[in-house]
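To be precise, the following lines are protein00.csv, and they hold CSV, C-alpha atoms.
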chain,number,residue,atom,x,y,z
A,7,MET,CA,0.0,0.0,0.0
A,8,PHE,CA,1.1,3.5,-0.5
A,9,SER,CA,2.7,5.1,2.5
A,10,SER,CA,0.6,7.3,4.6
A,11,SER,CA,0.3,10.9,3.6
A,12,THR,CA,2.4,12.0,6.4
A,13,ASP,CA,5.1,9.6,5.6
A,14,ALA,CA,4.8,10.4,2.0
A,15,ALA,CA,5.2,14.1,2.7
A,16,LEU,CA,8.3,13.6,4.8
A,17,SER,CA,10.0,11.1,2.6
A,18,ALA,CA,9.0,12.5,-0.8
A,19,PRO,CA,12.0,13.4,-2.9
A,20,ALA,CA,12.6,17.0,-3.5
A,21,PRO,CA,11.3,18.0,-6.9
A,22,VAL,CA,14.0,17.9,-9.6
A,23,VAL,CA,13.5,20.7,-12.2
A,24,THR,CA,15.8,20.8,-15.2
A,25,GLY,CA,16.3,23.8,-17.3
A,26,GLY,CA,15.2,26.2,-14.6
A,27,THR,CA,15.4,27.0,-11.0
A,28,ARG,CA,14.6,24.4,-8.3
A,29,ALA,CA,10.9,24.3,-7.5
A,30,LYS,CA,9.9,26.0,-4.3
A,31,VAL,CA,8.3,23.8,-1.7
A,32,HIS,CA,5.1,25.2,-0.2
A,33,ALA,CA,5.7,23.9,3.3
A,34,VAL,CA,8.1,21.1,4.2
A,35,GLY,CA,6.4,18.4,6.2
A,36,MET,CA,2.9,19.5,5.3
A,37,THR,CA,0.8,16.5,4.5
A,38,ASP,CA,-0.9,15.9,1.2
A,39,GLU,CA,-4.3,16.2,2.9
A,40,GLU,CA,-3.4,19.6,4.3
A,41,LEU,CA,-2.3,20.8,0.9
A,42,VAL,CA,-5.6,19.5,-0.5
A,43,ARG,CA,-7.5,21.5,2.0
A,44,LEU,CA,-5.5,24.6,1.3
A,45,THR,CA,-6.0,24.2,-2.4
A,46,LEU,CA,-9.8,23.9,-1.9
A,47,ASN,CA,-9.6,27.1,0.1
A,48,GLY,CA,-8.1,28.8,-2.9
A,49,ASP,CA,-4.4,28.5,-2.2
A,50,ALA,CA,-3.0,27.8,-5.7
A,51,ARG,CA,0.6,27.4,-4.4
A,52,ALA,CA,-0.6,24.4,-2.3
A,53,PHE,CA,-1.5,22.5,-5.4
A,54,THR,CA,1.8,23.5,-7.0
A,55,THR,CA,3.5,21.8,-4.1
A,56,LEU,CA,1.4,18.7,-4.6
A,57,VAL,CA,2.5,18.7,-8.2
A,58,ASP,CA,6.2,19.1,-7.3
A,59,ARG,CA,5.9,16.4,-4.7
A,60,HIS,CA,4.3,13.8,-6.9
A,61,ALA,CA,5.2,14.6,-10.5
A,62,PRO,CA,8.5,12.7,-10.5
A,63,LEU,CA,6.8,9.5,-9.5
A,64,CYS,CA,3.9,10.0,-11.9
A,65,LEU,CA,6.3,10.6,-14.7
A,66,ARG,CA,8.3,7.6,-13.7
A,67,TYR,CA,5.3,5.3,-13.8
A,68,ALA,CA,3.9,6.8,-17.0
A,69,THR,CA,7.2,6.8,-18.8
A,70,ARG,CA,7.8,3.1,-18.0
A,71,MET,CA,4.2,2.2,-18.8
A,72,LEU,CA,4.0,4.1,-22.1
A,73,GLY,CA,7.6,3.8,-23.3
A,74,SER,CA,7.4,7.4,-24.4
A,75,ARG,CA,8.4,10.5,-22.5
A,76,GLN,CA,6.1,12.7,-24.5
A,77,ASP,CA,3.1,10.5,-23.9
A,78,ALA,CA,4.0,10.2,-20.3
A,79,GLU,CA,4.1,14.0,-19.9
A,80,ASP,CA,0.8,14.3,-21.5
A,81,ALA,CA,-0.8,11.6,-19.4
A,82,ALA,CA,0.7,13.0,-16.2
A,83,GLN,CA,-0.5,16.5,-17.1
A,84,GLU,CA,-4.0,15.3,-17.8
A,85,THR,CA,-3.9,13.4,-14.5
A,86,PHE,CA,-3.1,16.5,-12.4
A,87,ILE,CA,-5.7,18.6,-14.2
A,88,ARG,CA,-8.3,16.0,-13.5
A,89,VAL,CA,-7.2,15.7,-9.9
A,90,HIS,CA,-7.5,19.4,-9.5
A,91,LYS,CA,-10.9,19.4,-11.1
A,92,SER,CA,-12.1,16.6,-8.8
A,93,LEU,CA,-10.3,17.7,-5.7
A,94,SER,CA,-13.5,18.4,-3.8
A,95,GLN,CA,-14.5,14.7,-4.2
A,96,TYR,CA,-11.3,13.4,-2.7
A,97,ASP,CA,-11.8,11.4,0.5
A,98,VAL,CA,-9.0,12.6,2.8
A,99,ARG,CA,-9.2,9.3,4.7
A,100,LEU,CA,-7.4,7.7,1.7
A,101,PRO,CA,-3.8,8.4,0.8
A,102,PHE,CA,-3.7,11.1,-1.8
A,103,ARG,CA,-1.1,9.3,-3.8
A,104,SER,CA,-3.4,6.3,-4.1
A,105,TRP,CA,-6.2,8.5,-5.5
A,106,LEU,CA,-3.7,10.2,-7.8
A,107,PHE,CA,-2.4,6.9,-9.1
A,108,THR,CA,-5.9,5.6,-9.8
A,109,ILE,CA,-6.4,8.5,-12.2
A,110,LEU,CA,-2.9,8.1,-13.6
A,111,ILE,CA,-3.4,4.4,-14.3
A,112,ASN,CA,-6.6,5.2,-16.2
A,113,ARG,CA,-4.9,8.0,-18.2
A,114,CYS,CA,-2.2,5.6,-19.2
A,115,ARG,CA,-4.7,3.0,-20.3
A,116,THR,CA,-6.5,5.6,-22.3
A,117,THR,CA,-3.2,6.6,-24.0
A,118,LEU,CA,-2.4,3.0,-24.9
A,119,THR,CA,-5.9,2.5,-26.3
A,120,ARG,CA,-5.5,5.7,-28.5
A,121,ARG,CA,-2.1,4.5,-29.6
A,122,MET,CA,-3.5,1.1,-30.6
A,123,ARG,CA,-6.1,2.8,-32.7
A,124,ARG,CA,-3.6,5.2,-34.2
A,125,ASP,CA,-1.2,2.4,-35.0
A,126,ARG,CA,-3.9,0.5,-36.9
A,127,ARG,CA,-4.2,3.5,-39.2
A,128,ILE,CA,-0.6,4.4,-39.6
A,129,VAL,CA,1.9,1.9,-40.9
A,130,SER,CA,5.2,2.5,-39.2
A,131,ASP,CA,8.2,0.8,-37.7
A,132,ASP,CA,6.9,0.6,-34.2
A,133,ALA,CA,10.1,-0.4,-32.6
A,134,GLU,CA,12.0,2.5,-34.2
A,135,MET,CA,9.3,4.9,-33.2
A,136,MET,CA,9.3,3.7,-29.6
A,137,LEU,CA,13.1,4.0,-29.4
A,138,ALA,CA,13.0,7.4,-31.0
A,139,SER,CA,10.4,8.6,-28.5
A,140,VAL,CA,12.5,7.9,-25.4
A,141,PRO,CA,15.1,10.6,-24.8
A,142,SER,CA,18.6,9.5,-24.0
A,143,THR,CA,18.3,11.0,-20.5
A,144,ALA,CA,15.7,8.4,-19.6
A,145,MET,CA,18.0,5.5,-20.6
A,146,ALA,CA,21.2,6.3,-18.7
A,147,THR,CA,22.4,2.7,-18.5
A,148,ASP,CA,22.6,-0.3,-20.7
A,149,VAL,CA,20.6,-2.2,-18.0
A,150,ARG,CA,17.8,0.3,-18.2
A,151,GLU,CA,17.8,0.2,-22.0
A,152,ASP,CA,17.5,-3.6,-22.0
A,153,VAL,CA,14.7,-3.6,-19.5
A,154,VAL,CA,12.8,-0.8,-21.2
A,155,ARG,CA,12.9,-2.7,-24.4
A,156,ALA,CA,11.8,-5.8,-22.7
A,157,LEU,CA,9.0,-4.0,-20.9
A,158,ARG,CA,7.5,-3.1,-24.3
A,159,GLN,CA,7.2,-6.7,-25.2
A,160,LEU,CA,4.8,-7.4,-22.3
A,161,VAL,CA,1.1,-7.1,-22.7
A,162,PRO,CA,-0.1,-3.9,-21.0
A,163,GLU,CA,-1.8,-5.7,-18.1
A,164,GLN,CA,1.3,-7.5,-17.2
A,165,ARG,CA,3.5,-4.4,-17.6
A,166,GLU,CA,1.1,-2.4,-15.4
A,167,ALA,CA,1.1,-5.0,-12.7
A,168,PHE,CA,4.8,-5.4,-12.8
A,169,LEU,CA,5.5,-1.7,-12.5
A,170,LEU,CA,3.1,-1.1,-9.7
A,171,ARG,CA,4.5,-4.1,-7.8
A,172,HIS,CA,8.3,-3.9,-8.4
A,173,VAL,CA,8.9,-0.3,-9.3
A,174,GLU,CA,6.2,1.5,-7.3
A,175,GLN,CA,6.5,-1.2,-4.6
A,176,LEU,CA,2.8,-1.5,-3.8
A,177,GLU,CA,1.1,-4.3,-2.0
A,178,TYR,CA,-0.9,-6.7,-4.1
A,179,ASP,CA,-4.2,-5.7,-2.4
A,180,GLU,CA,-3.4,-2.1,-3.2
A,181,ILE,CA,-2.7,-2.8,-6.8
A,182,ALA,CA,-5.9,-4.8,-7.1
A,183,ARG,CA,-7.8,-1.8,-5.7
A,184,LEU,CA,-6.1,0.6,-8.1
A,185,THR,CA,-6.5,-1.5,-11.2
A,186,GLY,CA,-9.8,-3.1,-10.5
A,187,ALA,CA,-8.3,-6.6,-10.9
A,188,ARG,CA,-8.5,-9.4,-8.3
A,189,PRO,CA,-5.5,-9.8,-6.1
A,190,SER,CA,-4.9,-13.3,-7.5
A,191,ALA,CA,-5.0,-12.0,-11.1
A,192,VAL,CA,-2.5,-9.3,-10.1
A,193,ARG,CA,-0.2,-11.9,-8.7
A,194,MET,CA,-0.5,-13.9,-11.8
A,195,ARG,CA,0.3,-10.9,-14.1
A,196,VAL,CA,3.3,-10.0,-12.0
A,197,LYS,CA,4.6,-13.5,-12.1
A,198,ARG,CA,4.2,-13.8,-15.8
A,199,ALA,CA,5.8,-10.5,-16.4
A,200,CYS,CA,8.8,-11.4,-14.2
A,201,ASP,CA,9.1,-14.7,-16.0
A,202,ARG,CA,9.0,-13.1,-19.4
A,203,LEU,CA,11.4,-10.3,-18.5
A,204,GLN,CA,13.9,-12.7,-17.0
A,205,GLU,CA,13.8,-14.7,-20.2
A,206,LEU,CA,14.3,-11.6,-22.3
A,207,LEU,CA,17.1,-10.2,-20.2
A,208,GLU,CA,19.0,-13.4,-19.8
A,209,ASP,CA,18.7,-14.3,-23.4
A,210,GLY,CA,19.7,-10.7,-24.4
A,211,GLU,CA,16.6,-10.4,-26.4
A,212,GLY,CA,15.3,-7.3,-24.9
A,213,GLU,CA,16.0,-5.4,-28.1
A,214,ALA,CA,14.1,-7.9,-30.2
A,215,ALA,CA,11.0,-6.5,-31.7
B,25,MET,CA,-3.0,-21.5,-16.0
B,26,SER,CA,-5.7,-18.9,-15.7
B,27,ASP,CA,-5.6,-15.4,-14.1
B,28,ARG,CA,-8.5,-16.5,-12.0
B,29,GLU,CA,-6.6,-19.1,-10.1
B,30,THR,CA,-5.8,-18.1,-6.6
B,31,PHE,CA,-2.1,-17.4,-6.5
B,32,ASN,CA,-2.2,-16.7,-2.8
B,33,ASP,CA,-2.4,-20.4,-2.4
B,34,ILE,CA,0.7,-20.9,-4.5
B,35,PHE,CA,2.9,-17.9,-3.5
B,36,ASP,CA,3.0,-16.4,-0.1
B,37,GLU,CA,5.4,-13.9,-1.4
B,38,ASP,CA,7.1,-12.9,-4.6
B,39,PRO,CA,9.2,-15.6,-6.2
B,40,PRO,CA,12.9,-14.8,-6.2
B,41,LEU,CA,14.2,-12.6,-9.0
B,42,SER,CA,17.2,-13.3,-11.2
B,43,PRO,CA,20.1,-10.9,-10.6
B,44,ALA,CA,19.6,-9.4,-14.0
B,45,LEU,CA,16.0,-8.6,-13.3
B,46,ALA,CA,16.7,-7.3,-9.8
B,47,SER,CA,19.3,-5.0,-11.3
B,48,ALA,CA,16.9,-3.9,-14.0
B,49,ILE,CA,14.2,-3.1,-11.5
B,50,GLU,CA,16.6,-0.9,-9.5
B,51,SER,CA,17.3,1.0,-12.7
B,52,LEU,CA,13.6,1.5,-13.2
B,53,ARG,CA,13.1,3.0,-9.8
B,54,VAL,CA,15.1,6.1,-10.6
B,55,ASP,CA,12.8,9.1,-10.7
B,56,GLU,CA,12.1,10.8,-14.0
B,57,PRO,CA,13.3,14.4,-14.1
B,58,VAL,CA,10.7,17.1,-14.4
B,59,SER,CA,11.4,19.8,-16.9
B,60,ALA,CA,10.7,23.4,-16.1
B,61,GLU,CA,8.7,23.7,-19.3
B,62,TRP,CA,6.4,20.8,-18.5
B,63,ARG,CA,5.9,22.1,-15.0
B,64,GLN,CA,5.0,25.5,-16.2
B,65,SER,CA,2.7,24.2,-18.8
B,66,LEU,CA,1.0,22.0,-16.2
B,67,ILE,CA,0.5,24.8,-13.7
B,68,ALA,CA,-0.9,27.0,-16.5
B,69,GLY,CA,-3.3,24.2,-17.5
B,70,VAL,CA,-4.4,23.8,-13.9
B,71,GLU,CA,-5.0,27.5,-13.6
B,72,SER,CA,-7.0,27.5,-16.8
B,73,ALA,CA,-9.1,24.6,-15.5
B,74,ARG,CA,-9.6,26.4,-12.2
B,75,ARG,CA,-10.9,29.4,-14.0
B,76,THR,CA,-13.3,27.2,-16.0
B,77,GLN,CA,-14.5,25.6,-12.8
B,78,ARG,CA,-15.1,28.9,-11.2
B,79,PHE,CA,-17.0,29.9,-14.3
B,80,GLN,CA,-19.1,26.8,-14.2
B,81,ARG,CA,-20.1,27.6,-10.7
B,82,ARG,CA,-21.2,31.1,-11.8
B,83,LEU,CA,-18.7,32.7,-9.5
B,84,ILE,CA,-17.9,35.3,-12.0
B,85,GLY,CA,-19.6,38.7,-11.8
B,86,ALA,CA,-17.1,41.5,-11.9
B,87,ALA,CA,-14.4,39.5,-13.6
B,88,GLY,CA,-16.7,38.5,-16.4
B,89,LEU,CA,-18.0,42.0,-16.8
B,90,ALA,CA,-14.4,43.3,-17.0
B,91,ALA,CA,-13.7,40.8,-19.7
B,92,ALA,CA,-16.8,41.9,-21.5
B,93,ALA,CA,-15.4,45.4,-21.6
B,94,ALA,CA,-12.1,44.2,-22.9
B,95,VAL,CA,-13.5,42.2,-25.7
B,96,CYS,CA,-15.4,43.9,-28.5
B,97,ALA,CA,-18.3,41.7,-29.1
B,98,VAL,CA,-20.6,42.3,-32.0
B,99,LEU,CA,-23.5,40.4,-33.4
B,100,ALA,CA,-23.1,39.3,-37.0
B,101,ARG,CA,-26.7,40.0,-37.9
B,102,PRO,CA,-28.7,43.0,-37.0
B,103,SER,CA,-30.3,42.9,-33.7
B,104,ASN,CA,-29.6,44.9,-30.7
B,105,ARG,CA,-31.5,42.6,-28.5
B,106,GLY,CA,-29.3,39.7,-28.6
B,107,VAL,CA,-31.8,37.8,-30.7
B,108,ILE,CA,-29.0,37.0,-32.9
B,109,SER,CA,-30.4,35.2,-35.9
B,110,VAL,CA,-33.0,32.5,-36.0
B,111,GLY,CA,-32.9,30.5,-39.2
B,112,ASN,CA,-34.8,27.4,-40.2
B,113,ALA,CA,-35.7,24.9,-37.5
B,114,ASN,CA,-34.8,27.5,-34.8
B,115,THR,CA,-31.1,27.5,-35.6
B,116,VAL,CA,-29.6,30.5,-33.9
B,117,HIS,CA,-26.4,32.0,-35.2
B,118,PHE,CA,-24.0,33.3,-32.5
B,119,GLU,CA,-21.0,35.4,-33.3
B,120,ILE,CA,-18.5,37.3,-31.3
B,121,GLU,CA,-15.5,39.2,-32.4
B,122,ALA,CA,-12.4,38.2,-30.3
B,123,PRO,CA,-9.4,38.1,-32.5
B,124,ALA,CA,-6.9,37.6,-29.7
B,125,ALA,CA,-8.8,34.8,-28.0
B,126,ARG,CA,-7.5,31.3,-28.0
B,127,SER,CA,-10.8,29.6,-27.4
B,128,VAL,CA,-14.4,30.7,-27.3
B,129,SER,CA,-17.5,28.7,-26.3
B,130,LEU,CA,-21.1,29.4,-25.9
B,131,VAL,CA,-22.7,28.8,-22.5
B,132,GLY,CA,-26.2,29.2,-21.4
B,133,ASP,CA,-29.2,27.7,-19.6
B,134,PHE,CA,-29.6,25.4,-22.7
B,135,ASP,CA,-26.4,23.6,-22.1
B,136,GLY,CA,-26.1,23.7,-18.3
B,137,TRP,CA,-23.6,26.5,-18.5
B,138,ASN,CA,-21.0,24.0,-19.6
B,139,PRO,CA,-18.0,25.8,-21.2
B,140,GLY,CA,-16.9,22.8,-23.1
B,141,ALA,CA,-20.3,22.0,-24.7
B,142,MET,CA,-20.5,24.4,-27.5
B,143,PRO,CA,-17.1,25.7,-28.8
B,144,LEU,CA,-17.2,28.4,-31.5
B,145,ARG,CA,-15.3,28.2,-34.7
B,146,LYS,CA,-12.8,30.9,-35.5
B,147,ARG,CA,-13.0,32.8,-38.8
B,148,GLY,CA,-10.2,34.6,-40.5
B,149,ASN,CA,-11.5,38.0,-39.6
B,150,GLY,CA,-11.2,37.3,-35.8
B,151,ALA,CA,-14.9,36.4,-35.4
B,152,TRP,CA,-16.0,33.3,-33.7
B,153,VAL,CA,-19.2,31.6,-34.8
B,154,VAL,CA,-21.5,28.8,-33.9
B,155,ASP,CA,-25.0,27.8,-35.0
B,156,VAL,CA,-27.2,26.2,-32.4
B,157,HIS,CA,-30.6,24.7,-32.5
B,158,LEU,CA,-32.7,26.1,-29.7
B,159,PRO,CA,-36.4,25.6,-28.8
B,160,PRO,CA,-38.7,28.6,-28.8
B,161,GLY,CA,-38.5,30.7,-25.7
B,162,ARG,CA,-36.1,32.9,-23.8
B,163,HIS,CA,-32.6,31.6,-23.3
B,164,ALA,CA,-29.9,33.2,-21.1
B,165,PHE,CA,-26.5,32.9,-22.6
B,166,ALA,CA,-22.9,34.3,-22.5
B,167,PHE,CA,-19.6,33.6,-24.2
B,168,SER,CA,-16.7,32.0,-22.5
B,169,VAL,CA,-13.6,33.8,-23.9
B,170,ASP,CA,-10.5,32.0,-22.8
B,171,GLY,CA,-12.4,30.8,-19.8
B,172,ARG,CA,-13.8,34.2,-18.8
B,173,LEU,CA,-17.4,34.9,-19.0
B,174,THR,CA,-18.3,37.6,-21.5
B,175,ILE,CA,-21.8,38.9,-21.9
B,176,ASP,CA,-22.9,40.2,-25.1
B,177,PRO,CA,-22.6,44.0,-24.6
B,178,THR,CA,-24.8,44.8,-27.6
B,179,ALA,CA,-27.7,42.8,-26.3
B,180,ALA,CA,-30.3,45.1,-24.9
B,181,LEU,CA,-32.1,42.4,-23.1
B,182,SER,CA,-30.3,41.0,-20.1
B,183,ALA,CA,-31.5,39.3,-17.1
B,184,ASP,CA,-30.2,37.9,-13.9
B,185,ASP,CA,-29.8,34.2,-13.9
B,186,ASN,CA,-30.4,32.1,-10.8
B,187,PHE,CA,-27.1,33.2,-9.4
B,188,GLY,CA,-27.5,36.9,-9.8
B,189,VAL,CA,-25.1,37.1,-12.6
B,190,PRO,CA,-26.2,39.2,-15.6
B,191,SER,CA,-26.3,37.4,-18.9
B,192,SER,CA,-27.5,38.1,-22.4
B,193,VAL,CA,-30.8,36.8,-23.5
B,194,VAL,CA,-31.7,35.4,-26.9
B,195,VAL,CA,-35.4,35.0,-27.7
B,196,VAL,CA,-36.4,32.3,-30.2
B,197,LYS,CA,-39.8,32.9,-31.5
B,198,GLY,CA,-42.1,30.2,-32.4
B,199,GLU,CA,-44.9,28.1,-31.1
B,200,GLY,CA,-44.5,27.6,-27.4
B,201,GLY,CA,-42.2,30.6,-27.3
B,202,GLU,CA,-42.8,34.2,-26.5

Translate this file's structure into structure tokens.
Amino acid sequence: MFSSSTDAALSAPAPVVTGGTRAKVHAVGMTDEELVRLTLNGDARAFTTLVDRHAPLCLRYATRMLGSRQDAEDAAQETFIRVHKSLSQYDVRLPFRSWLFTILINRCRTTLTRRMRRDRRIVSDDAEMMLASVPSTAMATDVREDVVRALRQLVPEQREAFLLRHVEQLEYDEIARLTGARPSAVRMRVKRACDRLQELLEDGEGEAA
Amino acid sequence: MSDRETFNDIFDEDPPLSPALASAIESLRVDEPVSAEWRQSLIAGVESARRTQRFQRRLIGAAGLAAAAAVCAVLARPSNRGVISVGNANTVHFEIEAPAARSVSLVGDFDGWNPGAMPLRKRGNGAWVVDVHLPPGRHAFAFSVDGRLTIDPTAALSADDNFGVPSSVVVVKGEGGE
């Protein structure tokens, strides 16, 4: 399960901003829920702090899930806008990050669906397109390059479950709640994903289309 | 083996990972950098959405009137009452001149004051237009120009809506109307 909001607030990594100044933090130690309340009371900076706190994680998940930095940025941006729009419906008894990820997961699914429709209409070298769409900064190591390629070969359901379990480090019950799948199905997807990834990595076939 | 099988009975915890996969997972856990441009764009998008929400809640008033003064709005067809143009089948032609606007939509009691429901099309001369089918009767309306409410300053008829916000009124004549 996602860590509690207080823990998340205290342990959240500082926002990393490239090409500009470091993002200002609204209030160190303030919980997500407190920031939500401030936002609902009209404090725009509070929501900016929520963005700075969670954007790196959202971009990480979306980039790994979609295999495209551009698509990931779009999905994350849509997610935060939807979160802001629905903020009054947020139940503060639940971790904010869980709610955020529920929306993010759905945005990523929508993006994949759109891409499948688009790819049916446009004949292209998909592998080349995917490689071209990931900036070099996101593939700093050979290991990462291999696993990113291998991830693309998983079916979306398995990739989603694998990332939530092993990269976001969520419990199975939490993943099931976020994805709408049964815990047993999530476990199966994660196991199949791991088996497939291990095959691809050990055989050096991560770059195979 | 099916996804429906209960894996809790098979695995109490995750099966061991190969060194290669464990190393790969570690590399995937590195945060993605956030570009200043993306952050700025997101915050602008949130701010735009926030303005739209405020608009939907009719919390406008003075800001909307100020925007109205800033935008020169004219009706394409002669009518100083805001009864813009009623064609066949009660199709009403709405037009507003806003050459600097990025988006314009029509809102009113006929679409629940939803800024996204009826976007206007931009013409080369800076005018934005839309044709809407409306039933006979009086309809309160306004334009949303870049998320800001803009009443039709040339409409002589105006009325307070349920929230006390002035809006323009279009009258569609016909059976059942006025």

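Candidate residues B:Ser127, B:Ser51, B:Asn149, B:Gln64 were compared for distance to chain A, and the nearest is B:Ser51, using only C-alpha atoms.
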
Using all atoms listed in the file, tabulate the residues of chain B lying at most 8 Å from any atom of chain A, each with its closest atom pair and that distance in Å to one decimal, by chain and increasing residue number, as CSV.
residue,atom,partner,partner_atom,distance
B:Asp27,CA,A:Ala191,CA,4.6
B:Arg28,CA,A:Ala191,CA,5.8
B:Glu29,CA,A:Ser190,CA,6.6
B:Thr30,CA,A:Ser190,CA,5.0
B:Phe31,CA,A:Ser190,CA,5.1
B:Asn32,CA,A:Ser190,CA,6.4
B:Asp38,CA,A:Lys197,CA,7.9
B:Pro39,CA,A:Lys197,CA,7.8
B:Leu41,CA,A:Cys200,CA,7.6
B:Ser42,CA,A:Gln204,CA,6.7
B:Ala44,CA,A:Leu207,CA,6.7
B:Leu45,CA,A:Gln204,CA,5.9
B:Ser47,CA,A:Val149,CA,7.4
B:Ala48,CA,A:Val149,CA,5.7
B:Ile49,CA,A:Val173,CA,6.4
B:Glu50,CA,A:Val173,CA,7.7
B:Ser51,CA,A:Arg150,CA,5.6
B:Leu52,CA,A:Val173,CA,6.4
B:Arg53,CA,A:Val173,CA,5.4
B:Val54,CA,A:Arg66,CA,7.6
B:Asp55,CA,A:Pro62,CA,5.6
B:Glu56,CA,A:Arg66,CA,5.0
B:Pro57,CA,A:Val22,CA,5.7
B:Val58,CA,A:Val23,CA,5.1
B:Ser59,CA,A:Thr24,CA,4.8
B:Ala60,CA,A:Gly26,CA,5.5
B:Glu61,CA,A:Gly25,CA,7.9
B:Trp62,CA,A:Glu79,CA,7.3
B:Leu66,CA,A:Gln83,CA,5.8
B:Ile67,CA,A:Thr54,CA,6.9
B:Gly69,CA,A:Ile87,CA,6.9
B:Val70,CA,A:Ile87,CA,5.4
B:Ala73,CA,A:Ile87,CA,7.0
B:Arg74,CA,A:Lys91,CA,7.2
B:Gln77,CA,A:Lys91,CA,7.4

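Taking CA of Arg124 (chain A) and CA of Glu163 (chain A) as the two end points, the separation is 19.5 Å.
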
(request) Using all atoms listed in the file, determine which residues lie at most 8 Å from Ala81 (chain A), disregarding the query and same-chain residues fewer than 6 positions distant; provide the list as number ranges by chain. (result) A: 68, 110, 113-114, 117

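Residues in contact with Thr108 (chain A) at up to 10 Å, not including ones fewer than 5 positions away on its chain and judged by only C-alpha atoms, are Thr85, Phe102, Arg103, Arg113, Ile181, Arg183, Leu184, Thr185 and Gly186 of chain A.
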
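Picture a line from CA of Leu173 (chain B) to CA of Trp137 (chain B); it runs 10.5 Å.
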
(message) For a test of reading the model, state the distance in Å between CA of Val196 (chain B) and CA of Gly161 (chain B), rounded to one decimal.
(response) 5.2 Å
